[in-house]
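Below is query08.pdb, holding PDB, C-alpha atoms.
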ATOM      1  CA  GLY A   1     115.146  68.665 140.596  1.00  0.00           C
ATOM      2  CA  ILE A   2     113.117  65.544 141.151  1.00  0.00           C
ATOM      3  CA  GLN A   3     114.626  62.761 143.275  1.00  0.00           C
ATOM      4  CA  VAL A   4     113.867  59.118 142.471  1.00  0.00           C
ATOM      5  CA  GLU A   5     114.606  56.502 145.106  1.00  0.00           C
ATOM      6  CA  GLN A   6     114.313  52.760 144.633  1.00  0.00           C
ATOM      7  CA  SER A   7     114.175  49.965 147.164  1.00  0.00           C
ATOM      8  CA  PRO A   8     115.498  47.486 147.922  1.00  0.00           C
ATOM      9  CA  PRO A   9     118.897  48.008 146.273  1.00  0.00           C
ATOM     10  CA  ASP A  10     119.447  44.259 146.053  1.00  0.00           C
ATOM     11  CA  LEU A  11     117.058  41.329 146.038  1.00  0.00           C
ATOM     12  CA  ILE A  12     117.820  37.622 145.865  1.00  0.00           C
ATOM     13  CA  LEU A  13     115.007  35.169 145.155  1.00  0.00           C
ATOM     14  CA  GLN A  14     114.486  31.520 144.469  1.00  0.00           C
ATOM     15  CA  GLU A  15     112.835  30.701 141.170  1.00  0.00           C
ATOM     16  CA  GLY A  16     109.064  30.773 141.536  1.00  0.00           C
ATOM     17  CA  ALA A  17     108.980  33.410 144.260  1.00  0.00           C
ATOM     18  CA  ASN A  18     107.114  36.704 144.011  1.00  0.00           C
ATOM     19  CA  SER A  19     108.623  40.140 144.612  1.00  0.00           C
ATOM     20  CA  THR A  20     107.708  43.802 144.910  1.00  0.00           C
ATOM     21  CA  LEU A  21     110.043  46.630 143.907  1.00  0.00           C
ATOM     22  CA  ARG A  22     109.326  50.165 145.065  1.00  0.00           C
ATOM     23  CA  CYS A  23     110.014  53.568 143.522  1.00  0.00           C
ATOM     24  CA  ASN A  24     109.442  56.819 145.442  1.00  0.00           C
ATOM     25  CA  PHE A  25     109.609  60.182 143.720  1.00  0.00           C
ATOM     26  CA  SER A  26     109.862  63.603 145.288  1.00  0.00           C
ATOM     27  CA  ASP A  27     107.697  65.657 142.940  1.00  0.00           C
ATOM     28  CA  SER A  28     104.582  65.379 140.809  1.00  0.00           C
ATOM     29  CA  VAL A  29     105.249  63.503 137.594  1.00  0.00           C
ATOM     30  CA  ASN A  30     103.630  63.309 134.174  1.00  0.00           C
ATOM     31  CA  ASN A  31     105.762  60.393 133.020  1.00  0.00           C
ATOM     32  CA  LEU A  32     106.950  57.345 134.917  1.00  0.00           C
ATOM     33  CA  GLN A  33     108.559  54.310 133.344  1.00  0.00           C
ATOM     34  CA  TRP A  34     110.004  51.011 134.507  1.00  0.00           C
ATOM     35  CA  PHE A  35     112.920  49.424 132.684  1.00  0.00           C
ATOM     36  CA  HIS A  36     114.827  46.157 132.941  1.00  0.00           C
ATOM     37  CA  GLN A  37     118.532  46.319 132.140  1.00  0.00           C
ATOM     38  CA  ASN A  38     119.793  43.011 130.846  1.00  0.00           C
ATOM     39  CA  PRO A  39     123.336  41.689 131.380  1.00  0.00           C
ATOM     40  CA  TRP A  40     124.441  43.281 128.083  1.00  0.00           C
ATOM     41  CA  GLY A  41     123.364  46.719 129.238  1.00  0.00           C
ATOM     42  CA  GLN A  42     120.250  47.118 127.120  1.00  0.00           C
ATOM     43  CA  LEU A  43     117.384  48.940 128.800  1.00  0.00           C
ATOM     44  CA  ILE A  44     114.147  47.166 128.006  1.00  0.00           C
ATOM     45  CA  ASN A  45     110.835  49.006 128.437  1.00  0.00           C
ATOM     46  CA  LEU A  46     108.510  47.327 130.894  1.00  0.00           C
ATOM     47  CA  PHE A  47     105.809  49.882 131.644  1.00  0.00           C
ATOM     48  CA  TYR A  48     104.854  53.476 130.918  1.00  0.00           C
ATOM     49  CA  ILE A  49     102.722  54.151 133.989  1.00  0.00           C
ATOM     50  CA  PRO A  50     102.332  57.745 135.253  1.00  0.00           C
ATOM     51  CA  SER A  51      99.233  56.591 137.159  1.00  0.00           C
ATOM     52  CA  GLY A  52      97.036  53.537 137.599  1.00  0.00           C
ATOM     53  CA  THR A  53      97.751  49.857 137.185  1.00  0.00           C
ATOM     54  CA  LYS A  54      98.957  47.802 134.236  1.00  0.00           C
ATOM     55  CA  GLN A  55      99.738  44.143 133.754  1.00  0.00           C
ATOM     56  CA  ASN A  56     101.882  42.321 131.245  1.00  0.00           C
ATOM     57  CA  GLY A  57     102.126  38.593 131.819  1.00  0.00           C
ATOM     58  CA  ARG A  58     103.883  37.896 135.114  1.00  0.00           C
ATOM     59  CA  LEU A  59     104.701  41.573 135.609  1.00  0.00           C
ATOM     60  CA  SER A  60     102.408  44.289 136.822  1.00  0.00           C
ATOM     61  CA  ALA A  61     102.888  47.851 137.996  1.00  0.00           C
ATOM     62  CA  THR A  62     100.917  50.356 140.015  1.00  0.00           C
ATOM     63  CA  THR A  63     101.579  54.070 140.359  1.00  0.00           C
ATOM     64  CA  VAL A  64      99.832  56.123 143.044  1.00  0.00           C
ATOM     65  CA  ALA A  65     100.656  59.585 141.771  1.00  0.00           C
ATOM     66  CA  THR A  66      99.037  61.437 144.688  1.00  0.00           C
ATOM     67  CA  GLU A  67     101.312  59.590 147.129  1.00  0.00           C
ATOM     68  CA  ARG A  68     104.345  59.732 144.830  1.00  0.00           C
ATOM     69  CA  TYR A  69     105.259  56.090 144.542  1.00  0.00           C
ATOM     70  CA  SER A  70     105.178  53.244 142.087  1.00  0.00           C
ATOM     71  CA  LEU A  71     105.413  49.499 142.602  1.00  0.00           C
ATOM     72  CA  LEU A  72     106.587  46.783 140.228  1.00  0.00           C
ATOM     73  CA  TYR A  73     105.371  43.272 140.960  1.00  0.00           C
ATOM     74  CA  ILE A  74     107.075  40.186 139.597  1.00  0.00           C
ATOM     75  CA  SER A  75     105.236  36.931 140.100  1.00  0.00           C
ATOM     76  CA  SER A  76     106.566  33.382 139.690  1.00  0.00           C
ATOM     77  CA  SER A  77     110.054  34.732 139.057  1.00  0.00           C
ATOM     78  CA  GLN A  78     112.347  33.046 136.537  1.00  0.00           C
ATOM     79  CA  THR A  79     116.125  33.131 136.216  1.00  0.00           C
ATOM     80  CA  THR A  80     115.705  35.272 133.098  1.00  0.00           C
ATOM     81  CA  ASP A  81     114.160  37.995 135.279  1.00  0.00           C
ATOM     82  CA  SER A  82     117.593  38.623 136.783  1.00  0.00           C
ATOM     83  CA  GLY A  83     119.113  42.015 136.107  1.00  0.00           C
ATOM     84  CA  VAL A  84     118.679  45.576 137.266  1.00  0.00           C
ATOM     85  CA  TYR A  85     115.271  47.216 137.359  1.00  0.00           C
ATOM     86  CA  PHE A  86     115.118  50.978 136.992  1.00  0.00           C
ATOM     87  CA  CYS A  87     112.353  53.417 137.639  1.00  0.00           C
ATOM     88  CA  ALA A  88     112.556  56.785 135.860  1.00  0.00           C
ATOM     89  CA  ALA A  89     110.342  59.852 135.970  1.00  0.00           C
ATOM     90  CA  ILE A  90     109.759  63.188 134.282  1.00  0.00           C
ATOM     91  CA  THR A  91     108.496  65.949 136.540  1.00  0.00           C
ATOM     92  CA  GLN A  92     105.422  67.993 135.673  1.00  0.00           C
ATOM     93  CA  GLY A  93     105.998  71.418 134.185  1.00  0.00           C
ATOM     94  CA  GLY A  94     109.748  71.198 134.157  1.00  0.00           C
ATOM     95  CA  SER A  95     112.569  69.532 132.296  1.00  0.00           C
ATOM     96  CA  GLU A  96     111.715  66.867 129.731  1.00  0.00           C
ATOM     97  CA  LYS A  97     114.508  64.566 130.860  1.00  0.00           C
ATOM     98  CA  LEU A  98     113.922  61.181 132.484  1.00  0.00           C
ATOM     99  CA  VAL A  99     115.510  61.054 135.933  1.00  0.00           C
ATOM    100  CA  PHE A 100     116.512  57.558 137.001  1.00  0.00           C
ATOM    101  CA  GLY A 101     116.740  55.910 140.373  1.00  0.00           C
ATOM    102  CA  LYS A 102     119.784  53.837 141.272  1.00  0.00           C
ATOM    103  CA  GLY A 103     117.985  50.618 140.465  1.00  0.00           C
ATOM    104  CA  THR A 104     117.161  47.330 142.165  1.00  0.00           C
ATOM    105  CA  LYS A 105     119.486  44.462 141.324  1.00  0.00           C
ATOM    106  CA  LEU A 106     117.461  41.263 141.181  1.00  0.00           C
ATOM    107  CA  THR A 107     119.065  37.832 141.244  1.00  0.00           C
ATOM    108  CA  VAL A 108     116.829  34.812 140.712  1.00  0.00           C
ATOM    109  CA  ASN A 109     118.459  31.528 141.602  1.00  0.00           C
ATOM    110  CA  PRO A 110     117.347  28.186 140.119  1.00  0.00           C
TER     111      PRO A 110
ATOM    112  CA  ASP B   1     111.405  50.074 112.545  1.00  0.00           C
ATOM    113  CA  THR B   2     114.503  48.514 114.060  1.00  0.00           C
ATOM    114  CA  GLY B   3     114.595  50.512 117.274  1.00  0.00           C
ATOM    115  CA  VAL B   4     117.283  52.909 118.420  1.00  0.00           C
ATOM    116  CA  SER B   5     120.644  52.070 116.900  1.00  0.00           C
ATOM    117  CA  GLN B   6     124.037  53.100 118.282  1.00  0.00           C
ATOM    118  CA  ASP B   7     127.461  52.799 116.731  1.00  0.00           C
ATOM    119  CA  PRO B   8     130.013  51.664 117.696  1.00  0.00           C
ATOM    120  CA  ARG B   9     129.026  49.229 120.429  1.00  0.00           C
ATOM    121  CA  HIS B  10     132.460  49.325 121.987  1.00  0.00           C
ATOM    122  CA  LYS B  11     135.293  51.837 121.784  1.00  0.00           C
ATOM    123  CA  ILE B  12     138.726  51.680 123.376  1.00  0.00           C
ATOM    124  CA  THR B  13     140.748  54.851 123.060  1.00  0.00           C
ATOM    125  CA  LYS B  14     143.888  56.342 124.479  1.00  0.00           C
ATOM    126  CA  ARG B  15     143.666  59.254 126.866  1.00  0.00           C
ATOM    127  CA  GLY B  16     143.733  62.531 124.986  1.00  0.00           C
ATOM    128  CA  GLN B  17     142.170  61.187 121.789  1.00  0.00           C
ATOM    129  CA  ASN B  18     138.845  62.377 120.409  1.00  0.00           C
ATOM    130  CA  VAL B  19     135.936  59.977 119.940  1.00  0.00           C
ATOM    131  CA  THR B  20     132.578  60.289 118.193  1.00  0.00           C
ATOM    132  CA  PHE B  21     129.489  58.168 118.709  1.00  0.00           C
ATOM    133  CA  ARG B  22     126.450  57.955 116.463  1.00  0.00           C
ATOM    134  CA  CYS B  23     122.797  57.377 117.321  1.00  0.00           C
ATOM    135  CA  ASP B  24     119.953  56.659 114.916  1.00  0.00           C
ATOM    136  CA  PRO B  25     116.607  57.110 116.683  1.00  0.00           C
ATOM    137  CA  ILE B  26     113.285  55.488 115.860  1.00  0.00           C
ATOM    138  CA  SER B  27     112.245  57.261 112.691  1.00  0.00           C
ATOM    139  CA  GLU B  28     109.076  59.033 113.821  1.00  0.00           C
ATOM    140  CA  HIS B  29     110.498  60.115 117.195  1.00  0.00           C
ATOM    141  CA  ASN B  30     111.142  63.840 117.521  1.00  0.00           C
ATOM    142  CA  ARG B  31     112.965  63.705 120.853  1.00  0.00           C
ATOM    143  CA  LEU B  32     116.476  62.333 121.259  1.00  0.00           C
ATOM    144  CA  TYR B  33     118.441  61.979 124.481  1.00  0.00           C
ATOM    145  CA  TRP B  34     121.988  61.112 125.476  1.00  0.00           C
ATOM    146  CA  TYR B  35     122.710  59.530 128.860  1.00  0.00           C
ATOM    147  CA  ARG B  36     125.853  58.246 130.547  1.00  0.00           C
ATOM    148  CA  GLN B  37     125.936  55.259 132.875  1.00  0.00           C
ATOM    149  CA  THR B  38     128.780  54.157 135.119  1.00  0.00           C
ATOM    150  CA  LEU B  39     129.018  50.855 136.966  1.00  0.00           C
ATOM    151  CA  GLY B  40     126.395  50.415 139.650  1.00  0.00           C
ATOM    152  CA  GLN B  41     124.583  53.650 138.877  1.00  0.00           C
ATOM    153  CA  GLY B  42     121.461  54.612 137.000  1.00  0.00           C
ATOM    154  CA  PRO B  43     121.745  56.453 133.687  1.00  0.00           C
ATOM    155  CA  GLU B  44     122.541  60.171 134.062  1.00  0.00           C
ATOM    156  CA  PHE B  45     121.130  62.716 131.646  1.00  0.00           C
ATOM    157  CA  LEU B  46     123.581  64.510 129.367  1.00  0.00           C
ATOM    158  CA  THR B  47     121.564  66.330 126.726  1.00  0.00           C
ATOM    159  CA  TYR B  48     118.243  66.401 124.869  1.00  0.00           C
ATOM    160  CA  PHE B  49     117.115  67.411 121.379  1.00  0.00           C
ATOM    161  CA  GLN B  50     113.665  68.124 120.071  1.00  0.00           C
ATOM    162  CA  ASN B  51     114.012  67.775 116.313  1.00  0.00           C
ATOM    163  CA  GLU B  52     117.293  69.564 115.536  1.00  0.00           C
ATOM    164  CA  ALA B  53     117.189  71.938 118.505  1.00  0.00           C
ATOM    165  CA  GLN B  54     119.318  71.121 121.538  1.00  0.00           C
ATOM    166  CA  LEU B  55     116.978  72.149 124.343  1.00  0.00           C
ATOM    167  CA  GLU B  56     118.800  71.091 127.477  1.00  0.00           C
ATOM    168  CA  LYS B  57     122.328  70.235 128.552  1.00  0.00           C
ATOM    169  CA  SER B  58     123.433  68.801 131.871  1.00  0.00           C
ATOM    170  CA  ARG B  59     126.249  70.302 133.895  1.00  0.00           C
ATOM    171  CA  LEU B  60     127.886  66.897 133.356  1.00  0.00           C
ATOM    172  CA  LEU B  61     128.397  67.928 129.736  1.00  0.00           C
ATOM    173  CA  SER B  62     131.705  69.744 130.020  1.00  0.00           C
ATOM    174  CA  ASP B  63     133.118  71.838 127.179  1.00  0.00           C
ATOM    175  CA  ARG B  64     134.935  68.716 125.938  1.00  0.00           C
ATOM    176  CA  PHE B  65     131.562  67.213 125.021  1.00  0.00           C
ATOM    177  CA  SER B  66     129.488  68.293 122.054  1.00  0.00           C
ATOM    178  CA  ALA B  67     126.345  66.833 120.566  1.00  0.00           C
ATOM    179  CA  GLU B  68     124.598  67.546 117.307  1.00  0.00           C
ATOM    180  CA  ARG B  69     121.454  66.425 115.568  1.00  0.00           C
ATOM    181  CA  PRO B  70     121.576  67.820 112.040  1.00  0.00           C
ATOM    182  CA  LYS B  71     118.223  67.893 110.264  1.00  0.00           C
ATOM    183  CA  GLY B  72     116.546  66.332 113.272  1.00  0.00           C
ATOM    184  CA  SER B  73     117.518  62.799 112.301  1.00  0.00           C
ATOM    185  CA  PHE B  74     120.600  60.979 113.621  1.00  0.00           C
ATOM    186  CA  SER B  75     122.744  62.445 116.370  1.00  0.00           C
ATOM    187  CA  THR B  76     126.448  62.430 117.185  1.00  0.00           C
ATOM    188  CA  LEU B  77     128.166  62.822 120.531  1.00  0.00           C
ATOM    189  CA  GLU B  78     131.818  63.849 120.424  1.00  0.00           C
ATOM    190  CA  ILE B  79     134.226  63.780 123.336  1.00  0.00           C
ATOM    191  CA  GLN B  80     137.445  65.700 122.834  1.00  0.00           C
ATOM    192  CA  ARG B  81     140.677  65.059 124.736  1.00  0.00           C
ATOM    193  CA  THR B  82     139.262  61.996 126.470  1.00  0.00           C
ATOM    194  CA  GLU B  83     140.083  61.370 130.125  1.00  0.00           C
ATOM    195  CA  GLN B  84     139.942  58.138 132.110  1.00  0.00           C
ATOM    196  CA  GLY B  85     136.905  59.470 133.936  1.00  0.00           C
ATOM    197  CA  ASP B  86     135.002  59.468 130.639  1.00  0.00           C
ATOM    198  CA  SER B  87     134.986  55.661 130.665  1.00  0.00           C
ATOM    199  CA  ALA B  88     131.305  54.703 130.811  1.00  0.00           C
ATOM    200  CA  MET B  89     128.376  53.386 128.827  1.00  0.00           C
ATOM    201  CA  TYR B  90     126.871  56.109 126.631  1.00  0.00           C
ATOM    202  CA  LEU B  91     123.192  55.529 125.971  1.00  0.00           C
ATOM    203  CA  CYS B  92     121.009  57.152 123.350  1.00  0.00           C
ATOM    204  CA  ALA B  93     117.234  57.204 123.589  1.00  0.00           C
ATOM    205  CA  SER B  94     114.328  58.530 121.573  1.00  0.00           C
ATOM    206  CA  SER B  95     110.695  59.225 122.309  1.00  0.00           C
ATOM    207  CA  PHE B  96     107.476  60.666 120.943  1.00  0.00           C
ATOM    208  CA  TYR B  97     105.782  62.206 124.001  1.00  0.00           C
ATOM    209  CA  ASP B  98     105.409  59.128 126.208  1.00  0.00           C
ATOM    210  CA  GLN B  99     107.565  56.005 126.171  1.00  0.00           C
ATOM    211  CA  THR B 100     111.293  56.411 125.834  1.00  0.00           C
ATOM    212  CA  PHE B 101     113.246  53.725 124.007  1.00  0.00           C
ATOM    213  CA  PHE B 102     116.946  53.140 124.491  1.00  0.00           C
ATOM    214  CA  GLY B 103     119.635  51.875 122.194  1.00  0.00           C
ATOM    215  CA  GLN B 104     122.116  49.198 123.186  1.00  0.00           C
ATOM    216  CA  GLY B 105     124.711  51.772 124.179  1.00  0.00           C
ATOM    217  CA  THR B 106     128.337  52.460 123.345  1.00  0.00           C
ATOM    218  CA  ARG B 107     130.789  51.272 125.969  1.00  0.00           C
ATOM    219  CA  LEU B 108     133.794  53.612 126.082  1.00  0.00           C
ATOM    220  CA  THR B 109     137.044  52.598 127.724  1.00  0.00           C
ATOM    221  CA  VAL B 110     139.782  55.220 128.007  1.00  0.00           C
ATOM    222  CA  VAL B 111     143.220  53.735 128.652  1.00  0.00           C
TER     223      VAL B 111
END
Since I need it in another form, could you write the structure as structure tokens?
Amino acid sequence: GIQVEQSPPDLILQEGANSTLRCNFSDSVNNLQWFHQNPWGQLINLFYIPSGTKQNGRLSATTVATERYSLLYISSSQTTDSGVYFCAAITQGGSEKLVFGKGTKLTVNP
Amino acid sequence: DTGVSQDPRHKITKRGQNVTFRCDPISEHNRLYWYRQTLGQGPEFLTYFQNEAQLEKSRLLSDRFSAERPKGSFSTLEIQRTEQGDSAMYLCASSFYDQTFFGQGTRLTVV
């Protein structure tokens, strides 16, 4: 099945810094999503982005489907951005399940 | 629309006992998923329903696990004869073709 790899596994920033999180996937996808898992375990939807670029406030994401990667950009980071960021994908023409990467743990220090 | 709802939020059980979790999806969503997440890992797929039909089950879903979605509405996940290795966060999600939305999860601790 599809493999989803995220990098870096851990990231520590000072408040106000910018960051880029990467997600590589091993197969063509028709669904790619980014989630933020808060300290209570809730997975919060950030982007549904199988291709192209989207922006939502300080966050933006780009997926280059032909090269099988997606990037999540966080600008002017805040302490509330801390948590684990997951990328998840559904492969084309196969199972309908979302396959998750192992996540990037982001810590933003004041 | 209050999102995906899971009950209970926390469950502590003794090894060998049976437990049942409930998930209420977003009302218009026809797809419902169960995932399991252990510390430091991403969520792992367990099973998936489209309406009331269970269309896919992971090899992780041993014969001690059973899931149902009667009438294509809420779903239950039962674990029989719990083992310490079953301790995890159990996440339910629902979708309607594109975005998948997750509930807050049920944290199971087997002692």
Subject >> Distance of atom CA of B:Lys57 from atom CA of B:Phe74, expressed in Å to one decimal place >> reply: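 Going from atom CA of B:Phe74 over to atom CA of B:Lys57 covers 17.7 Å.
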**OP:** Starting from the displayed file, determine the output of the PyMOL selection byres ((chain A and resi 16) around 10) and express the residue list as a ChimeraX atom specification.
**Re:** /A:13-15,17-19,74-79,108-110
Would you export the selected residues with C-alpha atoms as a PDB file, in the coordinates of the input, please?
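The resulting file, result.pdb, is reproduced below:
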ATOM      1  CA  LEU A  13     115.007  35.169 145.155  1.00  0.00           C
ATOM      2  CA  GLN A  14     114.486  31.520 144.469  1.00  0.00           C
ATOM      3  CA  GLU A  15     112.835  30.701 141.170  1.00  0.00           C
ATOM      4  CA  ALA A  17     108.980  33.410 144.260  1.00  0.00           C
ATOM      5  CA  ASN A  18     107.114  36.704 144.011  1.00  0.00           C
ATOM      6  CA  SER A  19     108.623  40.140 144.612  1.00  0.00           C
ATOM      7  CA  ILE A  74     107.075  40.186 139.597  1.00  0.00           C
ATOM      8  CA  SER A  75     105.236  36.931 140.100  1.00  0.00           C
ATOM      9  CA  SER A  76     106.566  33.382 139.690  1.00  0.00           C
ATOM     10  CA  SER A  77     110.054  34.732 139.057  1.00  0.00           C
ATOM     11  CA  GLN A  78     112.347  33.046 136.537  1.00  0.00           C
ATOM     12  CA  THR A  79     116.125  33.131 136.216  1.00  0.00           C
ATOM     13  CA  VAL A 108     116.829  34.812 140.712  1.00  0.00           C
ATOM     14  CA  ASN A 109     118.459  31.528 141.602  1.00  0.00           C
ATOM     15  CA  PRO A 110     117.347  28.186 140.119  1.00  0.00           C
TER      16      PRO A 110
END
**OP:** At a cut-off of 8 Å, list the chain B residues touching chain A, using only C-alpha atoms, as a list in words.
**Re:** Tyr33, Gly40, Gln41, Gly42, Pro43, Glu44, Phe45, Tyr48, Asp98, Gln99, Thr100, Phe101, Phe102, Gly103, Gln104 and Gly105 of chain B
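Put simply, atom CA of A:Tyr73 is 25.2 Å away from atom CA of B:Leu39.
Around B:Gly85, within 10 Å and counting only C-alpha atoms, the residues found are Arg15, Thr38, Thr109 and Val110 of chain B, once anything fewer than 6 positions away on its own chain is removed.
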**OP:** State, in Å with one decimal place, the distance from atom CA of B:Asn18 to atom CA of B:Glu78.
**Re:**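 Separating atom CA of B:Asn18 from atom CA of B:Glu78 is a distance of 7.2 Å.
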Original post:
What do you get, as a VMD selection string, if you spell out every residue that the PyMOL selection byres ((chain A and resi 1) around 10) selects here?
Top reply: chain A and resid 2 to 4 26 to 27 90 to 91 94 to 95 99
I need the chosen residues saved as a CSV table (one decimal), in the coordinates of the input, with C-alpha atoms.
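Result file part15.csv:
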chain,number,residue,atom,x,y,z
A,2,ILE,CA,113.1,65.5,141.2
A,3,GLN,CA,114.6,62.8,143.3
A,4,VAL,CA,113.9,59.1,142.5
A,26,SER,CA,109.9,63.6,145.3
A,27,ASP,CA,107.7,65.7,142.9
A,90,ILE,CA,109.8,63.2,134.3
A,91,THR,CA,108.5,65.9,136.5
A,94,GLY,CA,109.7,71.2,134.2
A,95,SER,CA,112.6,69.5,132.3
A,99,VAL,CA,115.5,61.1,135.9
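The shortest atom-to-atom distance to B:Arg64, with only C-alpha atoms taken into account, belongs to B:Ile79 out of B:Asp24, B:His10, B:Ile79, B:Leu46.
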Original post:
Can you list what the PyMOL selection byres ((chain B and resi 31) around 12) grabs from this structure, as an MDAnalysis selection string?
Top reply: (chainID A and resid 96:98) or (chainID B and resid 4 24:30 32:34 47:56 69 72:75 92:102)
Could you turn the residues from that selection into a file that holds C-alpha atoms, as a compact mmCIF listing (two decimals), in the frame of the given file?
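After the write, out32.txt holds the following:
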# COMPACT_ATOMS: atom_id res chain seq x y z
CA GLU A 96 111.72 66.87 129.73
CA LYS A 97 114.51 64.57 130.86
CA LEU A 98 113.92 61.18 132.48
CA VAL B 4 117.28 52.91 118.42
CA ASP B 24 119.95 56.66 114.92
CA PRO B 25 116.61 57.11 116.68
CA ILE B 26 113.28 55.49 115.86
CA SER B 27 112.24 57.26 112.69
CA GLU B 28 109.08 59.03 113.82
CA HIS B 29 110.50 60.12 117.20
CA ASN B 30 111.14 63.84 117.52
CA LEU B 32 116.48 62.33 121.26
CA TYR B 33 118.44 61.98 124.48
CA TRP B 34 121.99 61.11 125.48
CA THR B 47 121.56 66.33 126.73
CA TYR B 48 118.24 66.40 124.87
CA PHE B 49 117.12 67.41 121.38
CA GLN B 50 113.66 68.12 120.07
CA ASN B 51 114.01 67.78 116.31
CA GLU B 52 117.29 69.56 115.54
CA ALA B 53 117.19 71.94 118.50
CA GLN B 54 119.32 71.12 121.54
CA LEU B 55 116.98 72.15 124.34
CA GLU B 56 118.80 71.09 127.48
CA ARG B 69 121.45 66.42 115.57
CA GLY B 72 116.55 66.33 113.27
CA SER B 73 117.52 62.80 112.30
CA PHE B 74 120.60 60.98 113.62
CA SER B 75 122.74 62.44 116.37
CA CYS B 92 121.01 57.15 123.35
CA ALA B 93 117.23 57.20 123.59
CA SER B 94 114.33 58.53 121.57
CA SER B 95 110.70 59.22 122.31
CA PHE B 96 107.48 60.67 120.94
CA TYR B 97 105.78 62.21 124.00
CA ASP B 98 105.41 59.13 126.21
CA GLN B 99 107.56 56.00 126.17
CA THR B 100 111.29 56.41 125.83
CA PHE B 101 113.25 53.72 124.01
CA PHE B 102 116.95 53.14 124.49
For stretch 67-72 of chain A: contacts at 6 Å, only C-alpha atoms, fewer than 2 positions along chain excluded, given as a CSV table (one decimal) with C-alpha atoms, in the frame of the given file:
chain,number,residue,atom,x,y,z
A,20,THR,CA,107.7,43.8,144.9
A,21,LEU,CA,110.0,46.6,143.9
A,22,ARG,CA,109.3,50.2,145.1
A,23,CYS,CA,110.0,53.6,143.5
A,24,ASN,CA,109.4,56.8,145.4
A,25,PHE,CA,109.6,60.2,143.7
A,60,SER,CA,102.4,44.3,136.8
A,61,ALA,CA,102.9,47.9,138.0
A,62,THR,CA,100.9,50.4,140.0
A,63,THR,CA,101.6,54.1,140.4
A,64,VAL,CA,99.8,56.1,143.0
A,65,ALA,CA,100.7,59.6,141.8
Original post:
Which is closest to A:Ile12 among A:Gly83, A:Lys54, A:Val29, A:Leu59, if we use all atoms listed in the file?
Top reply: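 Distance minimum relative to A:Ile12 lands on A:Gly83.
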Subject >> Using all atoms listed in the file: which of B:Thr2, B:Val111, B:Thr13, B:Leu60 has the shortest distance to B:Gln84 >> reply: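 Closest to B:Gln84, using all atoms listed in the file: B:Val111.
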Centre, x/y/z edge lengths, axis-aligned box for stretch 22-30 of chain B with 3 Å per side, as lines of an AutoDock Vina configuration file:
center_x = 117.8
center_y = 59.7
center_z = 115.1
size_x = 23.4
size_y = 14.4
size_z = 10.8
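Taking only C-alpha atoms into account, B:Thr82 lies nearest to B:Phe65 out of the set B:Phe65, B:Thr106, B:Pro8, B:Cys23.
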Original post:
What lies within 7 Å of B:Leu77 using all atoms listed in the file, ignoring chain neighbours under 3 positions off, as a PyMOL selection string?
Top reply: chain B and resi 20-22+66-68
Original post:
Between B:Lys11, B:Gln6, B:Arg107, B:Asp63, which one has atoms that come closest to B:Arg81, using all atoms listed in the file?
Top reply: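 Selected residue with least distance to B:Arg81: B:Asp63.
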Just add N, CA, C and O atoms to stretch 26-34 of chain B and send it as a PDB file, in the coordinates of the input.
ATOM      1  N   ILE B  26     114.472  56.010 116.537  1.00  0.00           N
ATOM      2  CA  ILE B  26     113.285  55.488 115.860  1.00  0.00           C
ATOM      3  C   ILE B  26     112.750  56.599 114.966  1.00  0.00           C
ATOM      4  O   ILE B  26     112.660  57.759 115.389  1.00  0.00           O
ATOM      5  N   SER B  27     112.402  56.257 113.741  1.00  0.00           N
ATOM      6  CA  SER B  27     112.245  57.261 112.691  1.00  0.00           C
ATOM      7  C   SER B  27     111.206  58.341 112.994  1.00  0.00           C
ATOM      8  O   SER B  27     111.409  59.490 112.668  1.00  0.00           O
ATOM      9  N   GLU B  28     110.106  58.011 113.605  1.00  0.00           N
ATOM     10  CA  GLU B  28     109.076  59.033 113.821  1.00  0.00           C
ATOM     11  C   GLU B  28     109.247  59.800 115.135  1.00  0.00           C
ATOM     12  O   GLU B  28     108.454  60.681 115.462  1.00  0.00           O
ATOM     13  N   HIS B  29     110.296  59.470 115.899  1.00  0.00           N
ATOM     14  CA  HIS B  29     110.498  60.115 117.195  1.00  0.00           C
ATOM     15  C   HIS B  29     111.165  61.476 117.028  1.00  0.00           C
ATOM     16  O   HIS B  29     112.203  61.594 116.377  1.00  0.00           O
ATOM     17  N   ASN B  30     110.576  62.501 117.661  1.00  0.00           N
ATOM     18  CA  ASN B  30     111.142  63.840 117.521  1.00  0.00           C
ATOM     19  C   ASN B  30     112.108  64.189 118.649  1.00  0.00           C
ATOM     20  O   ASN B  30     112.867  65.143 118.555  1.00  0.00           O
ATOM     21  N   ARG B  31     112.094  63.399 119.724  1.00  0.00           N
ATOM     22  CA  ARG B  31     112.965  63.705 120.853  1.00  0.00           C
ATOM     23  C   ARG B  31     114.098  62.682 120.913  1.00  0.00           C
ATOM     24  O   ARG B  31     113.873  61.484 120.744  1.00  0.00           O
ATOM     25  N   LEU B  32     115.296  63.184 121.169  1.00  0.00           N
ATOM     26  CA  LEU B  32     116.476  62.333 121.259  1.00  0.00           C
ATOM     27  C   LEU B  32     117.290  62.737 122.476  1.00  0.00           C
ATOM     28  O   LEU B  32     117.491  63.940 122.718  1.00  0.00           O
ATOM     29  N   TYR B  33     117.734  61.750 123.231  1.00  0.00           N
ATOM     30  CA  TYR B  33     118.441  61.979 124.481  1.00  0.00           C
ATOM     31  C   TYR B  33     119.779  61.240 124.474  1.00  0.00           C
ATOM     32  O   TYR B  33     119.891  60.158 123.892  1.00  0.00           O
ATOM     33  N   TRP B  34     120.746  61.803 125.168  1.00  0.00           N
ATOM     34  CA  TRP B  34     121.988  61.112 125.476  1.00  0.00           C
ATOM     35  C   TRP B  34     122.107  61.000 126.998  1.00  0.00           C
ATOM     36  O   TRP B  34     121.854  61.989 127.716  1.00  0.00           O
TER      37      TRP B  34
END
